[in-house]
There are 2 protein chains.
Amino acid sequence: MTPKPEASVYKSSFSLPAWGKLLSLANEIRRSSLAQRFEAEGRQRLDYLSREAVGLRADFSKQHLDRPTLDALLELAQQAELGSAIAQLFEGDLVNNTEGRPAHHTALRDQASWSQPALQYVGDCYQRFTDTAEAIRQGQIKGSDGSDVSDVVHIGMGGSDLGPKLVSTALASDAQPIRTHFVANIDPDQLTATLSGLNPAATLFVVCSKSFTTQETLQNALSARQWLQARLAAPEAAAQHFYAITAATAKATEFGIAPAHIFPMWDWVGGRFSLWSAVGFTAAIAIGKAAFADLLQGAHDMDQHFHSSPLAGNLPVLLGLVDVWNSSFLNISSHAVLPYSHRLRQLPNYLQQLFMESNGKGTDRNGEPVAYTTAPILWGEAGTIGQHSFHQLLHQGTANTNCEFVLPLTTGTPLITHHQQLVASCLSQSLVLMQGETQAQATAKLQQQGYSAAQAAELAPHKVIDGNKASTIISFKQLDPHSLGALLALYEHRTYVSSVIWNINAFDQWGVELGKQISNQLQPALRDGLGDDGVDPSTAALVAAYRQANHLQD
Amino acid sequence: MTPKPEASVYKSSFSLPAWGKLLSLANEIRRSSLAQRFEAEGRQRLDYLSREAVGLRADFSKQHLDRPTLDALLELAQQAELGSAIAQLFEGDLVNNTEGRPAHHTALRDQASWSQPALQYVGDCYQRFTDTAEAIRQGQIKGSDGSDVSDVVHIGMGGSDLGPKLVSTALASDAQPIRTHFVANIDPDQLTATLSGLNPAATLFVVCSKSFTTQETLQNALSARQWLQARLAAPEAAAQHFYAITAATAKATEFGIAPAHIFPMWDWVGGRFSLWSAVGFTAAIAIGKAAFADLLQGAHDMDQHFHSSPLAGNLPVLLGLVDVWNSSFLNISSHAVLPYSHRLRQLPNYLQQLFMESNGKGTDRNGEPVAYTTAPILWGEAGTIGQHSFHQLLHQGTANTNCEFVLPLTTGTPLITHHQQLVASCLSQSLVLMQGETQAQATAKLQQQGYSAAQAAELAPHKVIDGNKASTIISFKQLDPHSLGALLALYEHRTYVSSVIWNINAFDQWGVELGKQISNQLQPALRDGLGDDGVDPSTAALVAAYRQANHLQD
């Protein structure tokens with residue numbers, strides 16, 4: 001382990017004066033509803049509870065906030081030394097304290113910085129992988145027998161999968177020359193279904209693993225290579241169809257991938273922040289080099305906003321503070337992300353990793369258990385899909401969810417009427433979450449619809465919607481590479497802001513290690529039977545059931 | 001509104017003697033951990049906390065349960081008259097009290113019952129839609145110009161989408177003759193992307209809407225028809241490419257669909273329970289008539305188990321009671337469904353509607369506010385995807401989640417090694433959730449790995465996993481139509497069981513109406529500008545932003 005800063009540099013958030021103040025404010029805020037606040041404050045409420053940066057407008061006026069609360073949250077940020085934490089991020093300091101590493105993903109999209117000798121290798125890698133992506137896209141790189149490439153299969157997991165998949169889904173056009181596919185699951189059905197119907201001579205594979213030891217990824221890569229070798233006229237040419245992105249280039253070489261086909265990544269890029277590195281190779285194939293550069297530029301523009309804006313006007317800071325407020329002070333443990341955009345349907349999955357792997361922790365940077373709740377459950381679905389599924393619970397259930405709507409204001413299609421319905425649906429959901437409907441209102445409506453007074457009185461209680469539910473709307477003019485880059489950087493920084501306030505390390509993920517160890521112990525048991533190694537009776541019975549279902553003899 | 005039973009027939013759950021007993025037991029249960037219970041009880045714990053029915057084995061021994069708790073939950077079920085509620089469901093009584101309807105979806109899969117004159121129409125419809133599906137599949141039904149059908153686009157929303165999509169995704173094979181596509185979102189990007197690349201002459205459309213007024217569905221159907229009319233040699237032949245499933249056959253006829261192409265559904269089939277009706281038409285095209293019959297048989301077998309088994313040995317009853325226990329007594333407000341099966345990756349989405357639309361309610365059947373928490377947030381992702389994303393939070397976060405693993409024990413592919421890793425991953429996650437890792441264990445492991453004592457002491461707190469987290473594993477020999485039918489019926493009945501204990505109506509969804517009304521009011525505002533109708537300033541600003549982004553003048 002590399003050295004880390006003295007533990008004592010991290011102040012316990014719970015001990016900061018603003019923390020106690022916010023606990024009191026959380027009790028007070030319950031005395032007025034969101035609708036009452038709007039009535040009292042009118043248009044002014046928007047002025048201090050909405051912000052635009054880099055073309056993204058966040059409206060958090062329907063959050064349980066008032067001026068004293070916002071001020072106290074900003075005080076908390078000051079007291080937690082958020083300003084210097086932001087500076088440390090951009091300076092490449094060892095903000096990942098438990099692993100003794102920087103988390104310097106902002107350098108990946110700061111093209112100007114690559115002219116510095118110390119970061120020249122970043123620019124070199126960027127040139128190589130984007131040039132190669134463009135050459136594949138333009139048909140200059142062929143299959144081993146000279147076939148035009150039609151399909152690229154990206155094999156990766158977690159941060160080596162979710163980012164490129166999100167970008168490809170969000171931005172790829174029907175006219176793109178190369179189809180991209182993503183295989184992550186170790187379940188063989190995913191690889192098998194993906195390969196079925198592909199032309200081996202026209203298919204390239206991109207194996208993406210920072211450590212080049214990710215079990216799912218390596219196993220899928222091995223089986224993909226076998227599939228290819230069995231089908232190419234010259235099996236030994238299979239290697240020409242493989243590319244790798246990894247920080248362990250020696251391991252990729254050992255796997256049989258040519259050095260010219262390997263793009264590096266580095267220790268200081270965390271998996272869930274790696275889209276901007278060569279991990280984005282497949283996305284660059286899908287959308288092209290120029291669009292990929294726009295994506296990075298959008299992220300860089302948000303970086304500059306985050307780096308240089310005062311806290312009170314800093315969009316990632318404000319949204320990160322609202323996240324802390326909802327989770328730690330209002331005890332809202334569910335955060336639904338609802339992109340009203342089919343193209344952004346993967347966004348909740350992407351953000352699940354970003355938010356829950358970064359901040360799903362109960363130990364602070366000093367190694368002490370936290371005395372407050374940290375990251376909530378993040379989940380979601382594209383609007384309007386959820387309206388016909390789980391929105392019933394959002395409106396009338398007993399669980400309390402903070403809803404976040406993500407809304408591009410225009411469509412790239414000519415079907416304007418469809419899109420107007422989509423936008424109206426989004427705004428109506430946010431409005432209803434705030435406003436609700438009283439029993440008197442429901443009764444009156446039912447009587448207007450022709451129900452008798454008695455019938456209306458009986459049915460109205462079932463139509464009551466309490467309202468007063470928190471929501472945020474993030475809107476922007478159009479979904480394109482630049483706005484998507486800015487949006488993802490906004491989410492990254494917002495995660496970091498919350499982590500600093502919560503005094504946790506957003507950049508490690510120690511909690512996933514034990515499962516891997518136990519899984520490695522159980523694999524021989526499934527194959528050969530349980531030895532004397534004691535596992536609990538539930539697990540033992542399932543091992544036996546597996547072996548019986550697969551006709552394996554002890 | 002049709003008459004409903006007297007409100008007084010529903011006892012308040014909170015007033016039942018077992019409810020109070022369970023509140024006490026919830027305090028006691030915290031005194032021992034799951035691991036301690038296994039140590040004390042050994043293999044016996046499995047005997048009373050696991051059950052098999054219709055080939056599905058549910059192991060809920062890693063739930064926070066003991067014998068007194070299980071007994072008290074069964075007492076609660078008795079006191080809530082669950083047995084008669086089950087009988088009422090199967091008898092077609094008006095269990096949907098606020099709408100004065102039965103919820104008789106079990107009749108849809110009880111083929112023997114169709115010989116009764118009163119249910120003959122169910123059998124007639126089944127014959128028609130499955131015969132038509134098979135004829136399309138076999139190439140006997142052609143496009144209007146005689147082309148072979150290659151693609152079917154299913155247009156539906158919520159319950160008219162999720163079920164057939166789940167079944168097609170789970171069971172379709174690469175060898176199926178017809179590709180099926182699902183369009184639900186009003187966002188035009190979904191329809192546009194789906195139609196792109198399809199051959200109009202070889203494409204059929206299935207429009208699925210119980211009311212035939214679902215805005216998203218009708219708008220998508222209209223645009224799909226325009227697309228087809230613009231591309232067919234004989235535009236007037238477009239109608240031959242359309243099928244409809246609806247309870248409003250007159251409206252479908254008005255839309256221009258021929259009576260012979262319309263399959264009925266009925267008032268007594270709720271959308272989220274409608275897969276088994278003609279709503280399953282597209283699924284039947286994907287998997288074939290015989291497989292669709294197996295699906296129904298699996299569900300029917302589970303129906304019989306549910307209908308006739310004593311409560312203490314009744315799988316849907318036991319799982320439904322555990323759901324109530326976790327939500328209302330242990331305050332676990334998050335329920336993650338983690339199918340370790342790529343084919344079942346849509347299961348969480350399907351269950352979101354089933355669980356959250358059915359039981360996401362705060363008003364009981366008597367019209368009184370409930371005094372306890374009802375349905376939790378249900379979310380999830382296919383394993384092993386989540387392990388490299390949000391499992392960090394499951395193991396080390398402050399939010400408490402009840403995890404449910406769904407595990408087919410065999411693979412239909414030859415890639416046995418992949419599947420063993422998948423199964424081992426699943427079992428290891430459940431084991432780690434229960435067992436965790438102490439600081440002493442983490443320290444010892446780190447020292448074995450070569451860390452110095454000081455380094456190990458510093459890092460170990462970050463590796464601590466508290467454990468003692470609830471999970472259930474539902475395993476079965478193989479994923480096929482029969483096991484999938486049984487699994488979905490299990491979930492349906494489990495939902496009903498919880499609803500009876502919570503004294504809520506699982507079959508209405510009044511909370512989604514207001515959003516539709518407001519959306520209809522906002523659409524003209526987006527098109528023509530806001531009039532004097534007051535909306536809150538936040539919504540008004542977003543309407544203005546939409547109009548500006550789309551260059552609409554006031």
# chains A, B, ... in the order shown; residues from 1 in each chain; ligands from 1
>>> residues_around(residues="region 409-415 of chain B", least_positions_apart="5", cutoff="12 Å", atoms="only C-alpha atoms", output="VMD selection string")
(chain A and resid 186 to 193 219 to 220 222 to 224 226 to 227 526 542 to 552) or (chain B and resid 55 to 57 170 to 171 173 339 to 343 420 to 424 426 to 427 473 to 480 483)
>>> write_last_selection(atoms="C-alpha atoms", output="short mmCIF file (atom, residue, chain, number, x, y, z; two decimals), in the first residue's frame")
data_model
loop_
_atom_site.label_atom_id
_atom_site.label_comp_id
_atom_site.auth_asym_id
_atom_site.auth_seq_id
_atom_site.Cartn_x
_atom_site.Cartn_y
_atom_site.Cartn_z
CA ILE A 186 -20.79 -14.63 -17.39
CA ASP A 187 -24.12 -16.34 -18.16
CA PRO A 188 -23.25 -18.04 -21.47
CA ASP A 189 -26.63 -17.11 -22.90
CA GLN A 190 -25.48 -13.55 -23.46
CA LEU A 191 -22.34 -14.43 -25.42
CA THR A 192 -24.12 -17.19 -27.33
CA ALA A 193 -27.04 -14.97 -28.33
CA GLN A 219 -13.92 -16.31 -19.71
CA ASN A 220 -16.11 -14.60 -22.31
CA LEU A 222 -11.67 -17.09 -24.26
CA SER A 223 -14.95 -18.52 -25.51
CA ALA A 224 -15.27 -15.78 -28.11
CA GLN A 226 -12.63 -20.31 -29.57
CA TRP A 227 -15.79 -19.46 -31.52
CA LEU A 526 -19.86 -27.19 -7.69
CA LEU A 542 -27.86 -25.46 -3.10
CA VAL A 543 -24.49 -26.93 -4.09
CA ALA A 544 -26.07 -30.38 -3.83
CA ALA A 545 -29.09 -29.27 -5.86
CA TYR A 546 -26.81 -27.87 -8.56
CA ARG A 547 -24.86 -31.12 -8.71
CA GLN A 548 -28.00 -33.20 -8.88
CA ALA A 549 -29.55 -31.02 -11.62
CA ASN A 550 -26.33 -31.42 -13.64
CA HIS A 551 -26.01 -35.16 -12.98
CA LEU A 552 -22.66 -34.77 -11.23
CA GLY B 55 -40.30 -27.56 -9.29
CA LEU B 56 -39.45 -24.21 -7.70
CA ARG B 57 -37.45 -24.35 -4.51
CA ALA B 170 -36.60 -15.48 -21.65
CA LEU B 171 -37.64 -18.26 -23.99
CA SER B 173 -34.41 -19.21 -29.43
CA PRO B 339 -31.98 -13.18 -11.56
CA TYR B 340 -28.74 -15.02 -12.19
CA SER B 341 -29.85 -15.59 -15.77
CA HIS B 342 -29.33 -13.35 -18.76
CA ARG B 343 -32.61 -14.62 -20.21
CA GLN B 420 -20.55 -22.80 -12.92
CA GLN B 421 -19.01 -19.39 -12.37
CA LEU B 422 -22.47 -17.87 -12.58
CA VAL B 423 -23.91 -20.26 -9.98
CA ALA B 424 -20.90 -19.86 -7.70
CA CYS B 426 -24.91 -16.27 -6.94
CA LEU B 427 -24.31 -18.53 -3.94
CA ILE B 473 -32.85 -17.90 -3.27
CA ILE B 474 -35.46 -19.30 -5.65
CA SER B 475 -33.87 -22.08 -7.67
CA PHE B 476 -35.19 -24.51 -10.27
CA LYS B 477 -33.75 -27.11 -12.55
CA GLN B 478 -34.06 -25.27 -15.83
CA LEU B 479 -35.60 -22.22 -17.40
CA ASP B 480 -38.35 -23.43 -19.73
CA SER B 483 -40.93 -23.26 -14.91
#
>>> residues_around(residues="Gln297 (chain B)", least_positions_apart="6", cutoff="10 Å", atoms="only C-alpha atoms", output="list of chain:residue names")
B:Arg109, B:Asp110, B:Gln111, B:Ala291, B:Asp303, B:Pro481, B:His482, B:Ser483, B:Gly485, B:Ala486
>>> write_last_selection(atoms="C-alpha atoms", output="compact mmCIF listing (two decimals), in the first residue's frame")
# COMPACT_ATOMS: atom_id res chain seq x y z
CA ARG B 109 -54.78 -20.89 -17.56
CA ASP B 110 -57.32 -23.41 -16.35
CA GLN B 111 -57.96 -25.14 -19.63
CA ALA B 291 -44.52 -23.71 -25.58
CA ASP B 303 -52.47 -22.06 -9.10
CA PRO B 481 -41.97 -22.45 -20.44
CA HIS B 482 -43.31 -24.54 -17.58
CA SER B 483 -40.93 -23.26 -14.91
CA GLY B 485 -45.15 -19.98 -15.94
CA ALA B 486 -44.93 -21.39 -12.42
>>> select_by_dssp(residues="region 103-296 of chain B", states="alpha helix (DSSP H)", output="JSON, numbers by chain")
{"B": [120, 121, 122, 123, 124, 125, 126, 127, 128, 129, 130, 131, 132, 133, 134, 135, 136, 137, 162, 163, 164, 165, 166, 167, 168, 169, 170, 171, 188, 189, 190, 191, 192, 193, 194, 195, 215, 216, 217, 218, 219, 220, 221, 222, 223, 224, 225, 226, 227, 228, 229, 249, 250, 251, 252, 253, 254, 255, 281, 282, 283, 284, 285, 286, 287, 289, 290, 291, 292, 293, 294, 295, 296]}
>>> closest_residue(among="B:Gln435, B:Gln120, B:Thr373, B:Ser168", to="chain A", atoms="only C-alpha atoms")
B:Thr373
>>> atom_distance(atom1="CA of His335 (chain A)", atom2="CA of Trp379 (chain A)")
6.5 Å
>>> atom_distance(atom1="CA of Ser498 (chain B)", atom2="CA of Glu513 (chain B)")
23.7 Å
>>> interface_residues(of="chain A", to="chain B", cutoff="6 Å", atoms="only C-alpha atoms", output="PyMOL selection string")
chain A and resi 43+158+185-188+352-353+356-357+360-362+367+373+384-385+388-390+392-393+395-398+409+418-419+424-425+428-429+461+463+477+510-512+515+518-519+522-523+537+546+549
>>> atom_distance(atom1="CA of Val95 (chain B)", atom2="CA of Ser13 (chain B)")
16.8 Å
>>> residues_around(residues="Leu490 (chain B)", least_positions_apart="2", cutoff="12 Å", atoms="only C-alpha atoms", output="ChimeraX atom specification")
/B:52-58,106,298-307,314-320,351,354,474,483-488,492-497
>>> write_last_selection(atoms="C-alpha atoms", output="PDB file, in the first residue's frame")
ATOM      1  CA  GLU B  52     -40.494 -26.675  -3.010  1.00  0.00           C
ATOM      2  CA  ALA B  53     -43.585 -26.461  -5.174  1.00  0.00           C
ATOM      3  CA  VAL B  54     -44.060 -27.136  -8.894  1.00  0.00           C
ATOM      4  CA  GLY B  55     -40.299 -27.563  -9.295  1.00  0.00           C
ATOM      5  CA  LEU B  56     -39.453 -24.215  -7.696  1.00  0.00           C
ATOM      6  CA  ARG B  57     -37.455 -24.348  -4.505  1.00  0.00           C
ATOM      7  CA  ALA B  58     -37.513 -21.257  -2.318  1.00  0.00           C
ATOM      8  CA  THR B 106     -56.345 -17.940 -12.951  1.00  0.00           C
ATOM      9  CA  GLY B 298     -46.822 -24.115 -15.320  1.00  0.00           C
ATOM     10  CA  ALA B 299     -48.906 -21.229 -14.049  1.00  0.00           C
ATOM     11  CA  HIS B 300     -51.930 -23.489 -13.600  1.00  0.00           C
ATOM     12  CA  ASP B 301     -49.887 -25.998 -11.623  1.00  0.00           C
ATOM     13  CA  MET B 302     -48.829 -23.176  -9.310  1.00  0.00           C
ATOM     14  CA  ASP B 303     -52.472 -22.057  -9.096  1.00  0.00           C
ATOM     15  CA  GLN B 304     -53.465 -25.490  -7.900  1.00  0.00           C
ATOM     16  CA  HIS B 305     -50.707 -25.524  -5.311  1.00  0.00           C
ATOM     17  CA  PHE B 306     -51.788 -22.084  -4.099  1.00  0.00           C
ATOM     18  CA  HIS B 307     -55.474 -22.963  -4.094  1.00  0.00           C
ATOM     19  CA  ASN B 314     -48.058 -22.913   0.638  1.00  0.00           C
ATOM     20  CA  LEU B 315     -45.186 -21.304  -1.233  1.00  0.00           C
ATOM     21  CA  PRO B 316     -46.885 -18.064  -2.386  1.00  0.00           C
ATOM     22  CA  VAL B 317     -48.336 -17.665   1.103  1.00  0.00           C
ATOM     23  CA  LEU B 318     -44.995 -18.107   2.832  1.00  0.00           C
ATOM     24  CA  LEU B 319     -43.157 -15.731   0.508  1.00  0.00           C
ATOM     25  CA  GLY B 320     -45.950 -13.159   0.714  1.00  0.00           C
ATOM     26  CA  LEU B 351     -42.012  -7.478 -11.164  1.00  0.00           C
ATOM     27  CA  LEU B 354     -46.605  -6.476 -10.493  1.00  0.00           C
ATOM     28  CA  ILE B 474     -35.457 -19.299  -5.648  1.00  0.00           C
ATOM     29  CA  SER B 483     -40.929 -23.256 -14.914  1.00  0.00           C
ATOM     30  CA  LEU B 484     -41.355 -19.674 -16.093  1.00  0.00           C
ATOM     31  CA  GLY B 485     -45.149 -19.985 -15.939  1.00  0.00           C
ATOM     32  CA  ALA B 486     -44.931 -21.386 -12.417  1.00  0.00           C
ATOM     33  CA  LEU B 487     -42.500 -18.662 -11.362  1.00  0.00           C
ATOM     34  CA  LEU B 488     -44.691 -15.823 -12.610  1.00  0.00           C
ATOM     35  CA  GLU B 492     -48.664 -13.035  -8.750  1.00  0.00           C
ATOM     36  CA  HIS B 493     -50.075 -14.964  -5.820  1.00  0.00           C
ATOM     37  CA  ARG B 494     -47.418 -13.755  -3.438  1.00  0.00           C
ATOM     38  CA  THR B 495     -48.457 -10.211  -4.331  1.00  0.00           C
ATOM     39  CA  TYR B 496     -52.069 -11.056  -3.575  1.00  0.00           C
ATOM     40  CA  VAL B 497     -51.133 -12.638  -0.247  1.00  0.00           C
TER      41      VAL B 497
END
>>> residues_around(residues="Ile178 (chain B)", least_positions_apart="2", cutoff="6 Å", atoms="only C-alpha atoms", output="PyMOL selection string")
chain B and resi 150-151+176
>>> decode(residues="region 396-410 of chain A", atoms="N, CA, C and O atoms", output="mmCIF file, in the first residue's frame")
data_model
loop_
_atom_site.group_PDB
_atom_site.id
_atom_site.type_symbol
_atom_site.label_atom_id
_atom_site.label_comp_id
_atom_site.auth_asym_id
_atom_site.auth_seq_id
_atom_site.Cartn_x
_atom_site.Cartn_y
_atom_site.Cartn_z
ATOM 1 N N GLN A 396 -48.782 6.940 -4.504
ATOM 2 C CA GLN A 396 -49.677 6.551 -3.397
ATOM 3 C C GLN A 396 -49.071 5.548 -2.415
ATOM 4 O O GLN A 396 -49.750 5.153 -1.464
ATOM 5 N N GLY A 397 -47.833 5.118 -2.659
ATOM 6 C CA GLY A 397 -47.244 4.131 -1.761
ATOM 7 C C GLY A 397 -46.753 4.747 -0.460
ATOM 8 O O GLY A 397 -46.793 5.971 -0.280
ATOM 9 N N THR A 398 -46.286 3.895 0.429
ATOM 10 C CA THR A 398 -45.782 4.391 1.716
ATOM 11 C C THR A 398 -44.282 4.653 1.673
ATOM 12 O O THR A 398 -43.760 5.318 2.568
ATOM 13 N N ALA A 399 -43.584 4.128 0.668
ATOM 14 C CA ALA A 399 -42.136 4.372 0.547
ATOM 15 C C ALA A 399 -41.923 5.752 -0.065
ATOM 16 O O ALA A 399 -42.666 6.171 -0.937
ATOM 17 N N ASN A 400 -40.925 6.463 0.392
ATOM 18 C CA ASN A 400 -40.676 7.834 -0.035
ATOM 19 C C ASN A 400 -39.483 7.872 -0.987
ATOM 20 O O ASN A 400 -38.384 7.447 -0.634
ATOM 21 N N THR A 401 -39.702 8.360 -2.185
ATOM 22 C CA THR A 401 -38.658 8.368 -3.211
ATOM 23 C C THR A 401 -38.393 9.789 -3.685
ATOM 24 O O THR A 401 -39.329 10.559 -3.862
ATOM 25 N N ASN A 402 -37.144 10.110 -3.871
ATOM 26 C CA ASN A 402 -36.738 11.351 -4.511
ATOM 27 C C ASN A 402 -36.610 11.075 -6.013
ATOM 28 O O ASN A 402 -35.785 10.261 -6.419
ATOM 29 N N CYS A 403 -37.450 11.716 -6.818
ATOM 30 C CA CYS A 403 -37.460 11.434 -8.257
ATOM 31 C C CYS A 403 -36.636 12.466 -9.010
ATOM 32 O O CYS A 403 -36.743 13.659 -8.753
ATOM 33 N N GLU A 404 -35.862 11.990 -9.958
ATOM 34 C CA GLU A 404 -35.059 12.885 -10.772
ATOM 35 C C GLU A 404 -35.390 12.647 -12.241
ATOM 36 O O GLU A 404 -35.148 11.573 -12.777
ATOM 37 N N PHE A 405 -35.961 13.680 -12.860
ATOM 38 C CA PHE A 405 -36.341 13.597 -14.265
ATOM 39 C C PHE A 405 -35.219 14.183 -15.123
ATOM 40 O O PHE A 405 -34.696 15.253 -14.806
ATOM 41 N N VAL A 406 -34.864 13.485 -16.177
ATOM 42 C CA VAL A 406 -33.836 13.971 -17.106
ATOM 43 C C VAL A 406 -34.531 14.144 -18.452
ATOM 44 O O VAL A 406 -35.110 13.185 -18.983
ATOM 45 N N LEU A 407 -34.497 15.360 -18.980
ATOM 46 C CA LEU A 407 -35.399 15.695 -20.084
ATOM 47 C C LEU A 407 -34.722 16.491 -21.198
ATOM 48 O O LEU A 407 -34.500 17.696 -21.056
ATOM 49 N N PRO A 408 -34.415 15.835 -22.326
ATOM 50 C CA PRO A 408 -34.036 16.611 -23.515
ATOM 51 C C PRO A 408 -35.293 17.302 -24.060
ATOM 52 O O PRO A 408 -36.353 16.678 -24.180
ATOM 53 N N LEU A 409 -35.177 18.580 -24.407
ATOM 54 C CA LEU A 409 -36.362 19.367 -24.766
ATOM 55 C C LEU A 409 -36.752 19.261 -26.238
ATOM 56 O O LEU A 409 -37.799 19.781 -26.636
ATOM 57 N N THR A 410 -35.926 18.634 -27.044
ATOM 58 C CA THR A 410 -36.278 18.459 -28.461
ATOM 59 C C THR A 410 -36.051 17.002 -28.850
ATOM 60 O O THR A 410 -35.367 16.257 -28.157
#
